[in-house]
$ cat protein_26.pdb   # PDB, C-alpha atoms
ATOM      1  CA  MET A   1      11.281 -21.306  -6.735  1.00  0.00           C
ATOM      2  CA  ARG A   2       9.857 -18.718  -4.279  1.00  0.00           C
ATOM      3  CA  THR A   3       6.879 -20.258  -2.469  1.00  0.00           C
ATOM      4  CA  PHE A   4       4.403 -19.824   0.372  1.00  0.00           C
ATOM      5  CA  VAL A   5       1.373 -21.548   1.892  1.00  0.00           C
ATOM      6  CA  ALA A   6      -1.761 -19.411   1.803  1.00  0.00           C
ATOM      7  CA  ILE A   7      -5.509 -19.111   2.061  1.00  0.00           C
ATOM      8  CA  GLU A   8      -6.975 -17.095  -0.783  1.00  0.00           C
ATOM      9  CA  ILE A   9      -9.805 -14.620  -0.395  1.00  0.00           C
ATOM     10  CA  SER A  10     -12.468 -15.819  -2.803  1.00  0.00           C
ATOM     11  CA  GLU A  11     -15.628 -13.970  -1.716  1.00  0.00           C
ATOM     12  CA  ASN A  12     -16.393 -11.253  -4.284  1.00  0.00           C
ATOM     13  CA  ASP A  13     -18.238  -9.127  -1.694  1.00  0.00           C
ATOM     14  CA  ILE A  14     -15.107  -9.050   0.475  1.00  0.00           C
ATOM     15  CA  LYS A  15     -12.897  -8.212  -2.509  1.00  0.00           C
ATOM     16  CA  LYS A  16     -15.250  -5.361  -3.423  1.00  0.00           C
ATOM     17  CA  SER A  17     -15.346  -4.027   0.180  1.00  0.00           C
ATOM     18  CA  ILE A  18     -11.538  -4.048   0.331  1.00  0.00           C
ATOM     19  CA  LYS A  19     -11.258  -2.415  -3.112  1.00  0.00           C
ATOM     20  CA  ASP A  20     -13.711   0.323  -2.026  1.00  0.00           C
ATOM     21  CA  PHE A  21     -11.656   0.887   1.134  1.00  0.00           C
ATOM     22  CA  GLN A  22      -8.401   1.031  -0.877  1.00  0.00           C
ATOM     23  CA  ASN A  23      -9.933   3.653  -3.178  1.00  0.00           C
ATOM     24  CA  LYS A  24     -11.211   5.681  -0.225  1.00  0.00           C
ATOM     25  CA  LEU A  25      -7.983   5.754   1.805  1.00  0.00           C
ATOM     26  CA  GLN A  26      -5.941   8.629   0.390  1.00  0.00           C
ATOM     27  CA  ILE A  27      -2.340   7.621   1.070  1.00  0.00           C
ATOM     28  CA  SER A  28       0.788   7.163  -1.015  1.00  0.00           C
ATOM     29  CA  ALA A  29       0.889   3.367  -1.074  1.00  0.00           C
ATOM     30  CA  LYS A  30       0.511   0.513  -3.551  1.00  0.00           C
ATOM     31  CA  PRO A  31      -2.821  -1.294  -3.145  1.00  0.00           C
ATOM     32  CA  ILE A  32      -2.776  -5.090  -3.422  1.00  0.00           C
ATOM     33  CA  SER A  33      -4.838  -6.348  -6.354  1.00  0.00           C
ATOM     34  CA  SER A  34      -8.134  -8.083  -5.461  1.00  0.00           C
ATOM     35  CA  ASP A  35      -7.021 -11.349  -7.071  1.00  0.00           C
ATOM     36  CA  GLN A  36      -3.921 -11.464  -4.835  1.00  0.00           C
ATOM     37  CA  LEU A  37      -5.613 -11.043  -1.436  1.00  0.00           C
ATOM     38  CA  HIS A  38      -4.635 -13.895   0.903  1.00  0.00           C
ATOM     39  CA  PHE A  39      -3.486 -14.975   4.345  1.00  0.00           C
ATOM     40  CA  THR A  40       0.111 -16.218   4.287  1.00  0.00           C
ATOM     41  CA  LEU A  41       0.092 -19.210   6.638  1.00  0.00           C
ATOM     42  CA  GLN A  42       3.821 -19.763   6.100  1.00  0.00           C
ATOM     43  CA  PHE A  43       6.390 -18.196   3.792  1.00  0.00           C
ATOM     44  CA  LEU A  44       8.757 -20.905   2.533  1.00  0.00           C
ATOM     45  CA  GLY A  45      11.126 -18.787   0.462  1.00  0.00           C
ATOM     46  CA  GLU A  46      13.262 -20.260  -2.312  1.00  0.00           C
ATOM     47  CA  ILE A  47      12.901 -24.031  -2.468  1.00  0.00           C
ATOM     48  CA  SER A  48      13.954 -26.632  -5.051  1.00  0.00           C
ATOM     49  CA  GLU A  49      11.679 -28.695  -7.324  1.00  0.00           C
ATOM     50  CA  GLU A  50      12.626 -31.719  -5.219  1.00  0.00           C
ATOM     51  CA  GLN A  51      11.531 -29.945  -2.020  1.00  0.00           C
ATOM     52  CA  ILE A  52       8.257 -28.871  -3.670  1.00  0.00           C
ATOM     53  CA  GLN A  53       7.218 -32.520  -3.988  1.00  0.00           C
ATOM     54  CA  LYS A  54       8.001 -33.177  -0.314  1.00  0.00           C
ATOM     55  CA  VAL A  55       6.100 -30.029   0.711  1.00  0.00           C
ATOM     56  CA  ILE A  56       3.059 -31.148  -1.331  1.00  0.00           C
ATOM     57  CA  GLU A  57       3.145 -34.618   0.256  1.00  0.00           C
ATOM     58  CA  SER A  58       3.419 -33.094   3.751  1.00  0.00           C
ATOM     59  CA  LEU A  59       0.615 -30.572   3.180  1.00  0.00           C
ATOM     60  CA  GLN A  60      -1.680 -33.345   1.923  1.00  0.00           C
ATOM     61  CA  THR A  61      -1.479 -34.976   5.384  1.00  0.00           C
ATOM     62  CA  ILE A  62      -3.223 -31.967   6.996  1.00  0.00           C
ATOM     63  CA  LYS A  63      -6.837 -32.672   7.903  1.00  0.00           C
ATOM     64  CA  PHE A  64      -9.053 -29.738   8.831  1.00  0.00           C
ATOM     65  CA  SER A  65     -12.743 -28.890   8.805  1.00  0.00           C
ATOM     66  CA  GLU A  66     -14.174 -25.935   6.950  1.00  0.00           C
ATOM     67  CA  PHE A  67     -14.775 -22.848   9.105  1.00  0.00           C
ATOM     68  CA  THR A  68     -15.898 -19.272   8.600  1.00  0.00           C
ATOM     69  CA  ILE A  69     -14.080 -16.068   9.480  1.00  0.00           C
ATOM     70  CA  ASN A  70     -15.243 -12.490   9.614  1.00  0.00           C
ATOM     71  CA  LEU A  71     -12.762 -10.092   8.004  1.00  0.00           C
ATOM     72  CA  LYS A  72     -12.737  -6.916  10.009  1.00  0.00           C
ATOM     73  CA  GLY A  73     -10.534  -4.215  11.424  1.00  0.00           C
ATOM     74  CA  ILE A  74      -7.608  -2.352   9.906  1.00  0.00           C
ATOM     75  CA  GLY A  75      -4.057  -2.079  11.145  1.00  0.00           C
ATOM     76  CA  ALA A  76      -0.474  -1.414  10.073  1.00  0.00           C
ATOM     77  CA  PHE A  77       2.910  -3.121  10.458  1.00  0.00           C
ATOM     78  CA  PRO A  78       5.186  -2.335  12.140  1.00  0.00           C
ATOM     79  CA  LYS A  79       2.938   0.467  13.495  1.00  0.00           C
ATOM     80  CA  PRO A  80       0.661   3.244  12.187  1.00  0.00           C
ATOM     81  CA  LYS A  81       3.307   5.922  12.918  1.00  0.00           C
ATOM     82  CA  PHE A  82       5.750   4.242  10.477  1.00  0.00           C
ATOM     83  CA  PRO A  83       3.646   1.939   8.269  1.00  0.00           C
ATOM     84  CA  ARG A  84       5.170  -0.475   5.734  1.00  0.00           C
ATOM     85  CA  VAL A  85       2.011  -2.571   5.326  1.00  0.00           C
ATOM     86  CA  ILE A  86      -1.683  -1.889   5.888  1.00  0.00           C
ATOM     87  CA  TRP A  87      -3.774  -4.945   6.666  1.00  0.00           C
ATOM     88  CA  VAL A  88      -7.273  -6.274   7.329  1.00  0.00           C
ATOM     89  CA  GLY A  89      -7.731  -8.496  10.376  1.00  0.00           C
ATOM     90  CA  THR A  90     -10.285 -11.084  11.510  1.00  0.00           C
ATOM     91  CA  ASP A  91     -12.734 -11.736  14.309  1.00  0.00           C
ATOM     92  CA  GLU A  92     -11.283 -13.422  17.399  1.00  0.00           C
ATOM     93  CA  GLU A  93     -12.734 -16.912  16.779  1.00  0.00           C
ATOM     94  CA  GLY A  94     -11.748 -16.910  13.085  1.00  0.00           C
ATOM     95  CA  GLY A  95      -8.281 -15.675  14.021  1.00  0.00           C
ATOM     96  CA  LYS A  96      -7.829 -18.540  16.505  1.00  0.00           C
ATOM     97  CA  ASN A  97      -8.854 -21.067  13.836  1.00  0.00           C
ATOM     98  CA  LEU A  98      -6.381 -19.555  11.351  1.00  0.00           C
ATOM     99  CA  ILE A  99      -3.585 -19.634  13.946  1.00  0.00           C
ATOM    100  CA  GLU A 100      -4.381 -23.318  14.618  1.00  0.00           C
ATOM    101  CA  LEU A 101      -4.255 -24.069  10.876  1.00  0.00           C
ATOM    102  CA  ALA A 102      -0.945 -22.187  10.503  1.00  0.00           C
ATOM    103  CA  LYS A 103       0.482 -24.292  13.379  1.00  0.00           C
ATOM    104  CA  ARG A 104      -0.580 -27.476  11.589  1.00  0.00           C
ATOM    105  CA  VAL A 105       1.162 -26.275   8.416  1.00  0.00           C
ATOM    106  CA  GLU A 106       4.294 -25.419  10.378  1.00  0.00           C
ATOM    107  CA  ASN A 107       4.268 -28.794  12.168  1.00  0.00           C
ATOM    108  CA  VAL A 108       4.119 -30.847   8.941  1.00  0.00           C
ATOM    109  CA  LEU A 109       6.803 -28.710   7.238  1.00  0.00           C
ATOM    110  CA  LYS A 110       9.223 -28.586  10.202  1.00  0.00           C
ATOM    111  CA  PRO A 111      10.690 -32.066   9.463  1.00  0.00           C
ATOM    112  CA  LEU A 112      11.639 -30.715   6.001  1.00  0.00           C
ATOM    113  CA  GLY A 113      13.643 -27.931   7.659  1.00  0.00           C
ATOM    114  CA  LEU A 114      11.053 -25.299   6.734  1.00  0.00           C
ATOM    115  CA  ILE A 115      10.517 -23.269   9.880  1.00  0.00           C
ATOM    116  CA  SER A 116       8.557 -20.049  10.119  1.00  0.00           C
ATOM    117  CA  ASP A 117      10.731 -17.031  10.879  1.00  0.00           C
ATOM    118  CA  LYS A 118       7.952 -15.298  12.863  1.00  0.00           C
ATOM    119  CA  PRO A 119       4.694 -16.297  14.536  1.00  0.00           C
ATOM    120  CA  PHE A 120       1.598 -16.215  12.302  1.00  0.00           C
ATOM    121  CA  LYS A 121      -0.644 -13.180  12.802  1.00  0.00           C
ATOM    122  CA  PRO A 122      -4.004 -13.454  10.983  1.00  0.00           C
ATOM    123  CA  HIS A 123      -4.035 -10.595   8.468  1.00  0.00           C
ATOM    124  CA  ILE A 124      -4.427  -9.826   4.785  1.00  0.00           C
ATOM    125  CA  THR A 125      -2.050  -7.241   3.347  1.00  0.00           C
ATOM    126  CA  ILE A 126      -4.044  -4.646   1.391  1.00  0.00           C
ATOM    127  CA  PHE A 127      -1.324  -1.975   0.873  1.00  0.00           C
ATOM    128  CA  ARG A 128       2.476  -2.050   0.633  1.00  0.00           C
ATOM    129  CA  ILE A 129       4.261   1.187   1.453  1.00  0.00           C
ATOM    130  CA  LYS A 130       7.701   1.811  -0.067  1.00  0.00           C
ATOM    131  CA  LYS A 131       8.272   5.482   0.823  1.00  0.00           C
ATOM    132  CA  LYS A 132       7.938   7.081   4.219  1.00  0.00           C
ATOM    133  CA  ILE A 133       4.385   8.459   4.451  1.00  0.00           C
ATOM    134  CA  GLY A 134       4.258   9.539   8.076  1.00  0.00           C
ATOM    135  CA  ASP A 135       1.760   8.778  10.813  1.00  0.00           C
ATOM    136  CA  ILE A 136      -1.556   7.342   9.571  1.00  0.00           C
ATOM    137  CA  THR A 137      -2.957   6.512  13.033  1.00  0.00           C
ATOM    138  CA  GLU A 138      -5.881   8.924  12.634  1.00  0.00           C
ATOM    139  CA  GLU A 139      -6.929   7.564   9.207  1.00  0.00           C
ATOM    140  CA  LEU A 140      -6.754   3.968  10.475  1.00  0.00           C
ATOM    141  CA  ASN A 141      -8.599   4.725  13.719  1.00  0.00           C
ATOM    142  CA  LYS A 142     -11.582   5.973  11.697  1.00  0.00           C
ATOM    143  CA  GLN A 143     -11.744   2.542  10.029  1.00  0.00           C
ATOM    144  CA  LYS A 144     -10.616   0.402  12.969  1.00  0.00           C
ATOM    145  CA  PHE A 145     -13.898  -1.532  13.261  1.00  0.00           C
ATOM    146  CA  MET A 146     -14.749  -1.736   9.571  1.00  0.00           C
ATOM    147  CA  ASP A 147     -16.416  -5.045   8.628  1.00  0.00           C
ATOM    148  CA  PHE A 148     -15.453  -6.507   5.232  1.00  0.00           C
ATOM    149  CA  GLY A 149     -17.643  -9.628   5.394  1.00  0.00           C
ATOM    150  CA  MET A 150     -17.567 -13.377   5.939  1.00  0.00           C
ATOM    151  CA  GLN A 151     -15.292 -15.888   4.188  1.00  0.00           C
ATOM    152  CA  LYS A 152     -15.454 -19.686   4.318  1.00  0.00           C
ATOM    153  CA  ILE A 153     -12.059 -21.286   4.823  1.00  0.00           C
ATOM    154  CA  SER A 154     -12.118 -24.586   2.976  1.00  0.00           C
ATOM    155  CA  ARG A 155      -8.751 -24.854   1.213  1.00  0.00           C
ATOM    156  CA  ILE A 156      -5.055 -24.202   1.701  1.00  0.00           C
ATOM    157  CA  MET A 157      -2.899 -23.361  -1.322  1.00  0.00           C
ATOM    158  CA  LEU A 158       0.787 -23.895  -1.986  1.00  0.00           C
ATOM    159  CA  LYS A 159       1.648 -20.905  -4.161  1.00  0.00           C
ATOM    160  CA  LYS A 160       4.586 -19.854  -6.276  1.00  0.00           C
ATOM    161  CA  SER A 161       5.545 -16.170  -6.343  1.00  0.00           C
ATOM    162  CA  GLU A 162       7.453 -14.674  -9.272  1.00  0.00           C
ATOM    163  CA  LEU A 163       8.737 -11.189  -8.554  1.00  0.00           C
ATOM    164  CA  THR A 164       8.416  -8.731 -11.441  1.00  0.00           C
ATOM    165  CA  SER A 165       8.795  -4.956 -11.757  1.00  0.00           C
ATOM    166  CA  GLU A 166       4.970  -4.756 -11.879  1.00  0.00           C
ATOM    167  CA  GLY A 167       4.698  -6.693  -8.618  1.00  0.00           C
ATOM    168  CA  PRO A 168       4.513 -10.394  -7.768  1.00  0.00           C
ATOM    169  CA  ILE A 169       2.720 -12.925  -9.970  1.00  0.00           C
ATOM    170  CA  TYR A 170       1.199 -15.793  -7.984  1.00  0.00           C
ATOM    171  CA  SER A 171       0.342 -19.222  -9.321  1.00  0.00           C
ATOM    172  CA  ASN A 172      -1.062 -22.283  -7.558  1.00  0.00           C
ATOM    173  CA  LEU A 173       1.086 -25.392  -7.213  1.00  0.00           C
ATOM    174  CA  GLU A 174      -1.215 -27.483  -5.000  1.00  0.00           C
ATOM    175  CA  GLU A 175      -4.371 -27.253  -2.907  1.00  0.00           C
ATOM    176  CA  VAL A 176      -5.469 -29.034   0.252  1.00  0.00           C
ATOM    177  CA  ILE A 177      -9.237 -29.177   0.683  1.00  0.00           C
ATOM    178  CA  ALA A 178     -11.032 -29.301   4.031  1.00  0.00           C
ATOM    179  CA  VAL A 179     -12.518 -32.614   5.112  1.00  0.00           C
ATOM    180  CA  LYS A 180     -16.292 -32.790   4.773  1.00  0.00           C
TER     181      LYS A 180
END

$ encode --input "protein_26.pdb" --output "structure tokens"
Amino acid sequence: MRTFVAIEISENDIKKSIKDFQNKLQISAKPISSDQLHFTLQFLGEISEEQIQKVIESLQTIKFSEFTINLKGIGAFPKPKFPRVIWVGTDEEGGKNLIELAKRVENVLKPLGLISDKPFKPHITIFRIKKKIGDITEELNKQKFMDFGMQKISRIMLKKSELTSEGPIYSNLEEVIAVK
């Protein structure tokens, strides 16, 4: 089963701001649906049913307090000259808190042999680009400081991803809730 650990975007105002931005940006790319917006704390890949149980038990040991992030800024991976992904970033403080949370996830999953293949960078993918579309630096620079709103971070989700021709279908396997 293809899985990942994520934080979902649940604020409707943020979803609407991102949707409005997706509609405004005139590029040849596939926008990510509002109900699929998330931060991937760690991609786990294909894991067995047996491993799922161990992952759930490990994730449940994570204790964290609720915090708030400000979603703002636009960027592209690997770079705006050759984009494959367009993303929304976070404020500096929120980003640090997300990085800390991603490290906690990685630390509890490491003993299971689940190690992140690249360091966590706080971002939400809002477009996937299949074909070469050329340099979009200018379009992104116009939106570089765009503010999408505030989101409370109070839960981590273990999600399953089923790949289909229409795009991935995500479902929740487990949630870890912040300590009050």

$ residues_around --input "protein_26.pdb" --residues "Phe4 of chain A" --least-positions-apart "2" --cutoff "7 Å" --atoms "all atoms listed in the file" --output "list in words"
Ala6, Thr40, Gln42, Phe43, Leu44, Gly45, Leu158, Lys159 and Lys160 of chain A

$ residues_around --input "protein_26.pdb" --residues "Arg155 of chain A" --least-positions-apart "5" --cutoff "9 Å" --atoms "all atoms listed in the file" --output "JSON, numbers by chain"
{"A": [6, 7, 8, 66, 175, 176, 177, 178]}

$ resolve_selection --input "protein_26.pdb" --expression "the PyMOL selection byres ((chain A and resi 73-79) around 8)" --output "number ranges by chain"
A: 71-72, 80-90, 140, 143-147

$ residues_near_point --input "protein_26.pdb" --point "(-1.5, -23.6, 14.4)" --cutoff "12 Å" --atoms "all atoms listed in the file" --output "NGL selection string"
:A and (41-42 or 62 or 64 or 95-108 or 116 or 119-122)

$ write_last_selection --input "protein_26.pdb" --atoms "C-alpha atoms" --output "JSON list (two decimals), keeping the file's coordinate frame"
[["chain", "number", "residue", "atom", "x", "y", "z"],
["A", 41, "LEU", "CA", 0.09, -19.21, 6.64],
["A", 42, "GLN", "CA", 3.82, -19.76, 6.10],
["A", 62, "ILE", "CA", -3.22, -31.97, 7.00],
["A", 64, "PHE", "CA", -9.05, -29.74, 8.83],
["A", 95, "GLY", "CA", -8.28, -15.68, 14.02],
["A", 96, "LYS", "CA", -7.83, -18.54, 16.50],
["A", 97, "ASN", "CA", -8.85, -21.07, 13.84],
["A", 98, "LEU", "CA", -6.38, -19.56, 11.35],
["A", 99, "ILE", "CA", -3.58, -19.63, 13.95],
["A", 100, "GLU", "CA", -4.38, -23.32, 14.62],
["A", 101, "LEU", "CA", -4.26, -24.07, 10.88],
["A", 102, "ALA", "CA", -0.94, -22.19, 10.50],
["A", 103, "LYS", "CA", 0.48, -24.29, 13.38],
["A", 104, "ARG", "CA", -0.58, -27.48, 11.59],
["A", 105, "VAL", "CA", 1.16, -26.28, 8.42],
["A", 106, "GLU", "CA", 4.29, -25.42, 10.38],
["A", 107, "ASN", "CA", 4.27, -28.79, 12.17],
["A", 108, "VAL", "CA", 4.12, -30.85, 8.94],
["A", 116, "SER", "CA", 8.56, -20.05, 10.12],
["A", 119, "PRO", "CA", 4.69, -16.30, 14.54],
["A", 120, "PHE", "CA", 1.60, -16.22, 12.30],
["A", 121, "LYS", "CA", -0.64, -13.18, 12.80],
["A", 122, "PRO", "CA", -4.00, -13.45, 10.98]]

$ residues_around --input "protein_26.pdb" --residues "Asp13 of chain A" --least-positions-apart "2" --cutoff "8 Å" --atoms "all atoms listed in the file" --output "PyMOL selection string"
chain A and resi 11+15-17+148-149

$ write_last_selection --input "protein_26.pdb" --atoms "C-alpha atoms" --output "short mmCIF file (atom, residue, chain, number, x, y, z; two decimals), in the coordinates of the input"
data_model
loop_
_atom_site.label_atom_id
_atom_site.label_comp_id
_atom_site.auth_asym_id
_atom_site.auth_seq_id
_atom_site.Cartn_x
_atom_site.Cartn_y
_atom_site.Cartn_z
CA GLU A 11 -15.63 -13.97 -1.72
CA LYS A 15 -12.90 -8.21 -2.51
CA LYS A 16 -15.25 -5.36 -3.42
CA SER A 17 -15.35 -4.03 0.18
CA PHE A 148 -15.45 -6.51 5.23
CA GLY A 149 -17.64 -9.63 5.39
#

$ decode --input "protein_26.pdb" --residues "segment 23-99 of chain A" --atoms "C-alpha atoms" --output "PDB file, in the first residue's frame"
ATOM      1  CA  ASN A  23      -7.674  29.835 -11.687  1.00  0.00           C
ATOM      2  CA  LYS A  24      -5.774  33.096 -12.162  1.00  0.00           C
ATOM      3  CA  LEU A  25      -2.392  31.606 -13.101  1.00  0.00           C
ATOM      4  CA  GLN A  26      -2.584  30.882 -16.827  1.00  0.00           C
ATOM      5  CA  ILE A  27      -0.177  27.983 -17.326  1.00  0.00           C
ATOM      6  CA  SER A  28      -0.395  24.497 -18.789  1.00  0.00           C
ATOM      7  CA  ALA A  29      -0.391  22.512 -15.552  1.00  0.00           C
ATOM      8  CA  LYS A  30      -2.717  20.291 -13.531  1.00  0.00           C
ATOM      9  CA  PRO A  31      -4.048  22.068 -10.433  1.00  0.00           C
ATOM     10  CA  ILE A  32      -4.260  20.030  -7.226  1.00  0.00           C
ATOM     11  CA  SER A  33      -7.831  19.662  -5.981  1.00  0.00           C
ATOM     12  CA  SER A  34      -8.723  21.662  -2.840  1.00  0.00           C
ATOM     13  CA  ASP A  35      -9.547  18.501  -0.883  1.00  0.00           C
ATOM     14  CA  GLN A  36      -6.051  17.104  -1.554  1.00  0.00           C
ATOM     15  CA  LEU A  37      -3.974  20.073  -0.344  1.00  0.00           C
ATOM     16  CA  HIS A  38      -1.458  18.952   2.298  1.00  0.00           C
ATOM     17  CA  PHE A  39       2.094  19.067   3.603  1.00  0.00           C
ATOM     18  CA  THR A  40       3.863  15.731   3.125  1.00  0.00           C
ATOM     19  CA  LEU A  41       5.885  15.293   6.319  1.00  0.00           C
ATOM     20  CA  GLN A  42       7.305  11.989   5.066  1.00  0.00           C
ATOM     21  CA  PHE A  43       6.610   9.829   2.027  1.00  0.00           C
ATOM     22  CA  LEU A  44       6.723   6.159   3.050  1.00  0.00           C
ATOM     23  CA  GLY A  45       6.130   4.527  -0.322  1.00  0.00           C
ATOM     24  CA  GLU A  46       4.817   0.978  -0.652  1.00  0.00           C
ATOM     25  CA  ILE A  47       4.503  -0.692   2.738  1.00  0.00           C
ATOM     26  CA  SER A  48       2.809  -3.905   3.899  1.00  0.00           C
ATOM     27  CA  GLU A  49      -0.299  -4.223   6.097  1.00  0.00           C
ATOM     28  CA  GLU A  50       1.998  -5.508   8.843  1.00  0.00           C
ATOM     29  CA  GLN A  51       4.205  -2.404   8.571  1.00  0.00           C
ATOM     30  CA  ILE A  52       1.125  -0.143   8.630  1.00  0.00           C
ATOM     31  CA  GLN A  53       0.329  -1.315  12.164  1.00  0.00           C
ATOM     32  CA  LYS A  54       3.896  -0.614  13.317  1.00  0.00           C
ATOM     33  CA  VAL A  55       3.817   2.822  11.655  1.00  0.00           C
ATOM     34  CA  ILE A  56       0.520   3.648  13.420  1.00  0.00           C
ATOM     35  CA  GLU A  57       1.936   2.559  16.793  1.00  0.00           C
ATOM     36  CA  SER A  58       5.089   4.643  16.225  1.00  0.00           C
ATOM     37  CA  LEU A  59       3.177   7.745  15.095  1.00  0.00           C
ATOM     38  CA  GLN A  60       0.936   7.536  18.172  1.00  0.00           C
ATOM     39  CA  THR A  61       4.026   8.096  20.366  1.00  0.00           C
ATOM     40  CA  ILE A  62       4.532  11.603  18.905  1.00  0.00           C
ATOM     41  CA  LYS A  63       3.490  14.359  21.293  1.00  0.00           C
ATOM     42  CA  PHE A  64       3.168  17.881  19.927  1.00  0.00           C
ATOM     43  CA  SER A  65       1.281  21.054  20.767  1.00  0.00           C
ATOM     44  CA  GLU A  66      -1.046  22.777  18.350  1.00  0.00           C
ATOM     45  CA  PHE A  67       0.506  25.706  16.467  1.00  0.00           C
ATOM     46  CA  THR A  68      -0.501  28.099  13.718  1.00  0.00           C
ATOM     47  CA  ILE A  69       1.174  28.714  10.376  1.00  0.00           C
ATOM     48  CA  ASN A  70       0.698  31.420   7.802  1.00  0.00           C
ATOM     49  CA  LEU A  71       0.560  30.044   4.254  1.00  0.00           C
ATOM     50  CA  LYS A  72       2.300  32.482   1.987  1.00  0.00           C
ATOM     51  CA  GLY A  73       4.631  32.793  -0.949  1.00  0.00           C
ATOM     52  CA  ILE A  74       4.797  30.860  -4.200  1.00  0.00           C
ATOM     53  CA  GLY A  75       7.660  28.879  -5.650  1.00  0.00           C
ATOM     54  CA  ALA A  76       8.545  26.055  -8.031  1.00  0.00           C
ATOM     55  CA  PHE A  77      10.589  22.843  -7.903  1.00  0.00           C
ATOM     56  CA  PRO A  78      13.189  22.267  -9.141  1.00  0.00           C
ATOM     57  CA  LYS A  79      13.220  25.936 -10.272  1.00  0.00           C
ATOM     58  CA  PRO A  80      10.938  28.445 -12.033  1.00  0.00           C
ATOM     59  CA  LYS A  81      12.902  28.113 -15.310  1.00  0.00           C
ATOM     60  CA  PHE A  82      12.032  24.377 -15.508  1.00  0.00           C
ATOM     61  CA  PRO A  83       9.066  23.842 -13.159  1.00  0.00           C
ATOM     62  CA  ARG A  84       7.651  20.389 -12.350  1.00  0.00           C
ATOM     63  CA  VAL A  85       5.705  21.536  -9.278  1.00  0.00           C
ATOM     64  CA  ILE A  86       4.323  24.887  -8.146  1.00  0.00           C
ATOM     65  CA  TRP A  87       3.941  25.279  -4.402  1.00  0.00           C
ATOM     66  CA  VAL A  88       2.747  27.531  -1.583  1.00  0.00           C
ATOM     67  CA  GLY A  89       5.147  28.110   1.304  1.00  0.00           C
ATOM     68  CA  THR A  90       4.838  29.236   4.930  1.00  0.00           C
ATOM     69  CA  ASP A  91       6.017  31.976   7.244  1.00  0.00           C
ATOM     70  CA  GLU A  92       9.418  31.410   8.859  1.00  0.00           C
ATOM     71  CA  GLU A  93       8.153  30.492  12.356  1.00  0.00           C
ATOM     72  CA  GLY A  94       5.464  28.133  11.008  1.00  0.00           C
ATOM     73  CA  GLY A  95       8.022  26.560   8.684  1.00  0.00           C
ATOM     74  CA  LYS A  96      10.397  25.891  11.598  1.00  0.00           C
ATOM     75  CA  ASN A  97       7.579  24.232  13.565  1.00  0.00           C
ATOM     76  CA  LEU A  98       6.682  22.039  10.571  1.00  0.00           C
ATOM     77  CA  ILE A  99      10.335  21.045  10.089  1.00  0.00           C
TER      78      ILE A  99
END
